[in-house]
>>> print(open('my_file14.pdb').read())   # PDB, C-alpha atoms, pLDDT in the B column
ATOM      1  CA  PRO O 633     -11.816   7.348  16.504  1.00 93.00           C
ATOM      2  CA  LEU O 634     -13.917   4.208  17.094  1.00 95.00           C
ATOM      3  CA  ILE O 635     -16.560   2.272  15.168  1.00 96.00           C
ATOM      4  CA  MET O 636     -18.502  -0.746  16.454  1.00 97.00           C
ATOM      5  CA  THR O 637     -19.328  -3.550  14.053  1.00 95.00           C
ATOM      6  CA  ALA O 638     -22.731  -5.148  13.760  1.00 93.00           C
ATOM      7  CA  HIS O 639     -23.472  -8.852  13.428  1.00 92.00           C
ATOM      8  CA  VAL O 640     -25.717  -8.177  10.451  1.00 93.00           C
ATOM      9  CA  VAL O 641     -25.348  -9.831   7.069  1.00 93.00           C
ATOM     10  CA  TYR O 642     -25.277  -7.103   4.437  1.00 94.00           C
ATOM     11  CA  GLU O 643     -25.906  -9.241   1.390  1.00 95.00           C
ATOM     12  CA  ALA O 644     -24.947  -6.511  -1.066  1.00 95.00           C
ATOM     13  CA  LEU O 645     -21.472  -6.449   0.521  1.00 95.00           C
ATOM     14  CA  ASP O 646     -20.919  -9.992   1.793  1.00 95.00           C
ATOM     15  CA  LYS O 647     -23.529 -12.722   1.437  1.00 94.00           C
ATOM     16  CA  GLU O 648     -21.694 -15.215   3.652  1.00 92.00           C
ATOM     17  CA  HIS O 649     -20.477 -13.341   6.729  1.00 93.00           C
ATOM     18  CA  PRO O 650     -22.018 -10.985   9.281  1.00 93.00           C
ATOM     19  CA  GLY O 651     -20.338  -7.570   9.328  1.00 94.00           C
ATOM     20  CA  THR O 652     -18.127  -8.391  12.307  1.00 95.00           C
ATOM     21  CA  LEU O 653     -16.600 -11.397  10.534  1.00 94.00           C
ATOM     22  CA  SER O 654     -16.458  -9.874   7.050  1.00 96.00           C
ATOM     23  CA  ARG O 655     -13.068  -8.802   5.752  1.00 97.00           C
ATOM     24  CA  ARG O 656     -14.894  -7.239   2.814  1.00 97.00           C
ATOM     25  CA  ILE O 657     -16.716  -4.897   5.229  1.00 97.00           C
ATOM     26  CA  CYS O 658     -14.182  -4.383   8.039  1.00 97.00           C
ATOM     27  CA  HIS O 659     -11.050  -4.067   5.939  1.00 97.00           C
ATOM     28  CA  ASP O 660     -11.858  -3.543   2.277  1.00 97.00           C
ATOM     29  CA  LEU O 661     -14.792  -1.147   2.737  1.00 97.00           C
ATOM     30  CA  LEU O 662     -13.998   0.659   5.989  1.00 96.00           C
ATOM     31  CA  ARG O 663     -10.226   0.827   5.778  1.00 96.00           C
ATOM     32  CA  GLU O 664      -9.434   0.773   2.061  1.00 97.00           C
ATOM     33  CA  GLU O 665     -12.438   2.401   0.391  1.00 97.00           C
ATOM     34  CA  LEU O 666     -13.541   4.813   3.138  1.00 97.00           C
ATOM     35  CA  GLY O 667     -10.120   5.431   4.665  1.00 97.00           C
ATOM     36  CA  PHE O 668     -11.126   4.763   8.284  1.00 97.00           C
ATOM     37  CA  GLN O 669      -8.001   4.975  10.421  1.00 95.00           C
ATOM     38  CA  GLY O 670      -9.491   4.488  13.884  1.00 96.00           C
ATOM     39  CA  ALA O 671     -10.077   1.410  15.995  1.00 97.00           C
ATOM     40  CA  LEU O 672     -12.772  -1.077  15.076  1.00 98.00           C
ATOM     41  CA  ILE O 673     -14.529  -2.790  17.980  1.00 97.00           C
ATOM     42  CA  SER O 674     -16.815  -5.795  17.762  1.00 95.00           C
ATOM     43  CA  ASP O 675     -20.194  -6.076  19.321  1.00 93.00           C
ATOM     44  CA  ASP O 676     -20.354  -8.936  21.831  1.00 91.00           C
ATOM     45  CA  LEU O 677     -18.959 -12.058  20.170  1.00 91.00           C
ATOM     46  CA  GLU O 678     -21.133 -14.195  22.443  1.00 87.00           C
ATOM     47  CA  MET O 679     -24.314 -13.031  20.723  1.00 87.00           C
ATOM     48  CA  LYS O 680     -26.162 -15.807  18.872  1.00 82.00           C
ATOM     49  CA  ALA O 681     -25.457 -14.350  15.417  1.00 81.00           C
ATOM     50  CA  ILE O 682     -21.784 -15.152  16.027  1.00 83.00           C
ATOM     51  CA  SER O 683     -21.602 -17.796  18.755  1.00 75.00           C
ATOM     52  CA  GLY O 684     -24.279 -19.918  17.113  1.00 76.00           C
ATOM     53  CA  GLY O 685     -21.948 -20.749  14.237  1.00 74.00           C
ATOM     54  CA  CYS O 686     -18.598 -21.285  15.974  1.00 82.00           C
ATOM     55  CA  GLY O 687     -16.746 -21.431  19.255  1.00 85.00           C
ATOM     56  CA  PRO O 688     -15.266 -18.414  21.036  1.00 90.00           C
ATOM     57  CA  GLY O 689     -11.771 -18.934  19.662  1.00 92.00           C
ATOM     58  CA  GLU O 690     -12.901 -19.232  16.078  1.00 93.00           C
ATOM     59  CA  ALA O 691     -15.211 -16.217  16.450  1.00 93.00           C
ATOM     60  CA  ALA O 692     -12.467 -14.066  17.964  1.00 95.00           C
ATOM     61  CA  LEU O 693      -9.895 -15.080  15.371  1.00 96.00           C
ATOM     62  CA  SER O 694     -12.342 -14.559  12.494  1.00 95.00           C
ATOM     63  CA  ALA O 695     -13.211 -11.066  13.738  1.00 96.00           C
ATOM     64  CA  LEU O 696      -9.547 -10.195  14.262  1.00 97.00           C
ATOM     65  CA  MET O 697      -8.577 -11.401  10.801  1.00 98.00           C
ATOM     66  CA  ALA O 698     -11.541  -9.549   9.255  1.00 97.00           C
ATOM     67  CA  GLY O 699     -10.052  -6.333  10.637  1.00 97.00           C
ATOM     68  CA  VAL O 700     -11.572  -5.889  14.097  1.00 98.00           C
ATOM     69  CA  ASP O 701      -9.109  -4.427  16.607  1.00 98.00           C
ATOM     70  CA  LEU O 702     -10.985  -4.799  19.917  1.00 96.00           C
ATOM     71  CA  LEU O 703     -12.947  -7.966  20.669  1.00 95.00           C
ATOM     72  CA  LEU O 704     -15.844  -7.844  23.121  1.00 93.00           C
ATOM     73  CA  MET O 705     -16.825 -10.946  25.068  1.00 89.00           C
ATOM     74  CA  TRP O 706     -18.386  -9.980  28.340  1.00 82.00           C
ATOM     75  CA  GLU O 707     -20.472 -12.842  29.652  1.00 79.00           C
ATOM     76  CA  ALA O 708     -18.203 -15.754  30.552  1.00 80.00           C
ATOM     77  CA  GLU O 709     -14.589 -15.372  31.609  1.00 86.00           C
ATOM     78  CA  GLU O 710     -13.770 -18.953  30.613  1.00 89.00           C
ATOM     79  CA  ARG O 711     -14.884 -18.183  27.049  1.00 89.00           C
ATOM     80  CA  GLN O 712     -12.664 -15.094  27.033  1.00 91.00           C
ATOM     81  CA  VAL O 713      -9.709 -17.209  28.146  1.00 92.00           C
ATOM     82  CA  GLU O 714     -10.542 -19.843  25.525  1.00 93.00           C
ATOM     83  CA  ALA O 715     -10.650 -17.175  22.812  1.00 94.00           C
ATOM     84  CA  LEU O 716      -7.367 -15.626  23.930  1.00 94.00           C
ATOM     85  CA  ASP O 717      -5.640 -18.999  24.127  1.00 95.00           C
ATOM     86  CA  PHE O 718      -6.859 -19.875  20.636  1.00 96.00           C
ATOM     87  CA  ILE O 719      -5.586 -16.598  19.167  1.00 96.00           C
ATOM     88  CA  VAL O 720      -2.206 -17.024  20.885  1.00 96.00           C
ATOM     89  CA  GLN O 721      -1.946 -20.564  19.558  1.00 97.00           C
ATOM     90  CA  GLN O 722      -2.741 -19.373  16.031  1.00 97.00           C
ATOM     91  CA  ALA O 723      -0.277 -16.483  16.328  1.00 97.00           C
ATOM     92  CA  GLU O 724       2.478 -18.907  17.269  1.00 97.00           C
ATOM     93  CA  MET O 725       1.912 -20.752  13.985  1.00 97.00           C
ATOM     94  CA  ASP O 726       0.946 -17.964  11.579  1.00 97.00           C
ATOM     95  CA  GLU O 727       2.795 -14.731  10.912  1.00 98.00           C
ATOM     96  CA  GLU O 728      -0.312 -13.179   9.331  1.00 97.00           C
ATOM     97  CA  VAL O 729      -2.082 -13.446  12.703  1.00 97.00           C
ATOM     98  CA  ARG O 730       0.904 -11.833  14.435  1.00 97.00           C
ATOM     99  CA  VAL O 731       0.840  -8.963  11.936  1.00 97.00           C
ATOM    100  CA  ARG O 732      -2.890  -8.411  12.538  1.00 97.00           C
ATOM    101  CA  ILE O 733      -2.356  -8.417  16.311  1.00 97.00           C
ATOM    102  CA  ALA O 734       0.362  -5.772  15.916  1.00 97.00           C
ATOM    103  CA  GLU O 735      -1.905  -3.633  13.707  1.00 97.00           C
ATOM    104  CA  ALA O 736      -4.765  -3.935  16.177  1.00 97.00           C
ATOM    105  CA  GLY O 737      -2.478  -3.130  19.091  1.00 96.00           C
ATOM    106  CA  ALA O 738      -1.219   0.004  17.386  1.00 97.00           C
ATOM    107  CA  ARG O 739      -4.762   1.243  16.735  1.00 97.00           C
ATOM    108  CA  VAL O 740      -5.825   0.532  20.312  1.00 95.00           C
ATOM    109  CA  SER O 741      -2.757   2.379  21.618  1.00 95.00           C
ATOM    110  CA  THR O 742      -3.607   5.364  19.427  1.00 95.00           C
ATOM    111  CA  LEU O 743      -7.187   5.326  20.697  1.00 94.00           C
ATOM    112  CA  ARG O 744      -6.081   5.137  24.338  1.00 91.00           C
ATOM    113  CA  ALA O 745      -3.661   8.016  23.871  1.00 91.00           C
ATOM    114  CA  ALA O 746      -6.446  10.166  22.405  1.00 90.00           C
ATOM    115  CA  LEU O 747      -8.828   9.573  25.307  1.00 86.00           C
ATOM    116  CA  PRO O 748      -8.735  11.699  28.440  1.00 83.00           C
ATOM    117  CA  ALA O 749      -7.100   9.979  31.393  1.00 81.00           C
ATOM    118  CA  GLN O 750      -9.561   8.101  33.550  1.00 74.00           C
ATOM    119  CA  LYS O 751      -8.946   7.271  37.145  1.00 77.00           C
ATOM    120  CA  SER O 752     -10.318   4.080  38.589  1.00 77.00           C
ATOM    121  CA  MET O 753     -13.320   4.342  40.854  1.00 76.00           C
ATOM    122  CA  ASP O 754     -14.049   2.164  43.828  1.00 80.00           C
ATOM    123  CA  PRO O 755     -17.271   0.165  43.223  1.00 77.00           C
ATOM    124  CA  ASP O 756     -18.860   1.590  46.387  1.00 79.00           C
ATOM    125  CA  GLU O 757     -18.066   5.114  45.191  1.00 79.00           C
ATOM    126  CA  ALA O 758     -19.611   4.290  41.807  1.00 73.00           C
ATOM    127  CA  VAL O 759     -22.836   3.281  43.552  1.00 70.00           C
ATOM    128  CA  LYS O 760     -22.889   6.646  45.354  1.00 72.00           C
ATOM    129  CA  GLN O 761     -22.305   8.492  42.072  1.00 71.00           C
ATOM    130  CA  VAL O 762     -25.327   6.962  40.357  1.00 64.00           C
ATOM    131  CA  ALA O 763     -27.620   6.501  43.356  1.00 64.00           C
ATOM    132  CA  GLY O 764     -31.060   7.768  42.498  1.00 64.00           C
ATOM    133  CA  ASN O 765     -30.718   7.622  38.735  1.00 63.00           C
ATOM    134  CA  ARG O 766     -32.180   4.979  36.447  1.00 62.00           C
ATOM    135  CA  HIS O 767     -28.881   3.098  36.166  1.00 64.00           C
ATOM    136  CA  ALA O 768     -28.538   2.494  39.903  1.00 62.00           C
ATOM    137  CA  ALA O 769     -30.509  -0.763  39.826  1.00 64.00           C
ATOM    138  CA  LEU O 770     -28.296  -2.136  37.062  1.00 65.00           C
ATOM    139  CA  LEU O 771     -25.153  -1.102  38.913  1.00 62.00           C
ATOM    140  CA  GLU O 772     -26.415  -2.833  42.058  1.00 66.00           C
ATOM    141  CA  LYS O 773     -26.718  -6.079  40.086  1.00 68.00           C
ATOM    142  CA  LEU O 774     -23.220  -5.674  38.678  1.00 67.00           C
ATOM    143  CA  VAL O 775     -21.463  -4.858  41.967  1.00 62.00           C
TER     144      VAL O 775
END
>>> encode(input="my_file14.pdb", output="structure tokens")
Amino acid sequence: PLIMTAHVVYEALDKEHPGTLSRRICHDLLREELGFQGALISDDLEMKAISGGCGPGEAALSALMAGVDLLLMWEAEERQVEALDFIVQQAEMDEEVRVRIAEAGARVSTLRAALPAQKSMDPDEAVKQVAGNRHAALLEKLV
């Protein structure tokens, strides 16, 4: 139901764009040729392979228009806001962007409906759940 893109340039498929920004890979190959119906999620758009060539808005819009349905940007909230604002601005001017947003939204809704319901967990309870395992130190940093 879900595939994550990679920021790798597959020269045999697209010499100019990394997979995440390649319509040839995300749409033409995955959707049209292979018939993938699920949601397509990007790897972190703040990684150097993407962010080194453009700003957060341009990266997010390029990935969306290539065929990515879920856009990951985890490091800086202000960059997330900048990307969202840029996409909204473009959607206000371009029907093609609005159509892509609707397609992506439908796929994300389908994915969410297929997943088992998850209840939220209090951060302190999460620490108790993983205490003693190898992820506890990471969780401590995050909480």
>>> residues_around(input="my_file14.pdb", residues="His659 of chain O", least_positions_apart="4", cutoff="7 Å", atoms="only C-alpha atoms", output="PyMOL selection string")
chain O and resi 655+663-664+698-699
>>> closest_atom_pairs(input="my_file14.pdb", of="segment 657-707 of chain O", to="segment 721-732 of chain O", cutoff="12 Å", atoms="all atoms listed in the file", output="CSV")
residue,atom,partner,partner_atom,distance
O:His659,CA,O:Arg732,CA,11.4
O:Gly689,CA,O:Gln722,CA,9.7
O:Glu690,CA,O:Gln722,CA,10.2
O:Ala692,CA,O:Gln722,CA,11.2
O:Leu693,CA,O:Gln722,CA,8.4
O:Ser694,CA,O:Val729,CA,10.3
O:Ala695,CA,O:Arg732,CA,10.7
O:Leu696,CA,O:Arg732,CA,7.1
O:Met697,CA,O:Arg732,CA,6.7
O:Ala698,CA,O:Arg732,CA,9.3
O:Gly699,CA,O:Arg732,CA,7.7
O:Val700,CA,O:Arg732,CA,9.2
O:Asp701,CA,O:Arg732,CA,8.4
O:Leu702,CA,O:Arg732,CA,11.5
>>> atom_distance(input="my_file14.pdb", atom1="atom CA of Met636 of chain O", atom2="atom CA of Val759 of chain O")
27.7 Å
>>> atom_distance(input="my_file14.pdb", atom1="atom CA of Ala681 of chain O", atom2="atom CA of Pro650 of chain O")
7.8 Å
>>> resolve_selection(input="my_file14.pdb", expression="the PyMOL selection byres ((chain O and resi 714) around 12)", output="list in words")
Gly687, Pro688, Gly689, Glu690, Ala691, Ala692, Leu693, Met705, Ala708, Glu709, Glu710, Arg711, Gln712, Val713, Ala715, Leu716, Asp717, Phe718, Ile719, Val720 and Gln721 of chain O
>>> atom_distance(input="my_file14.pdb", atom1="atom CA of Leu666 of chain O", atom2="atom CA of Ala746 of chain O")
21.2 Å
>>> closest_residue(input="my_file14.pdb", among="O:Pro755, O:Asp646, O:Leu743, O:Gly651", to="Asp675 of chain O", atoms="all atoms listed in the file")
O:Gly651
>>> closest_residue(input="my_file14.pdb", among="O:Ala671, O:Ile682, O:Leu634, O:Leu704", to="Ser654 of chain O", atoms="all atoms listed in the file")
O:Ile682
>>> resolve_selection(input="my_file14.pdb", expression="the PyMOL selection byres ((chain O and resi 638) around 6)", output="MDAnalysis selection string")
chainID O and resid 637 639:640 651:652
>>> axis_aligned_box(input="my_file14.pdb", around="segment 720-725 of chain O", padding_each_side="5 Å", output="AutoDock Vina command-line options")
--center_x -0.1 --center_y -18.6 --center_z 17.4 --size_x 15.2 --size_y 14.3 --size_z 16.9
>>> residues_around(input="my_file14.pdb", residues="Ile635 of chain O", least_positions_apart="2", cutoff="9 Å", atoms="only C-alpha atoms", output="MDAnalysis selection string")
chainID O and resid 633 637 670:674
>>> closest_residue(input="my_file14.pdb", among="O:Leu661, O:Leu703, O:Ala758, O:Met753", to="Val740 of chain O", atoms="only C-alpha atoms")
O:Leu703
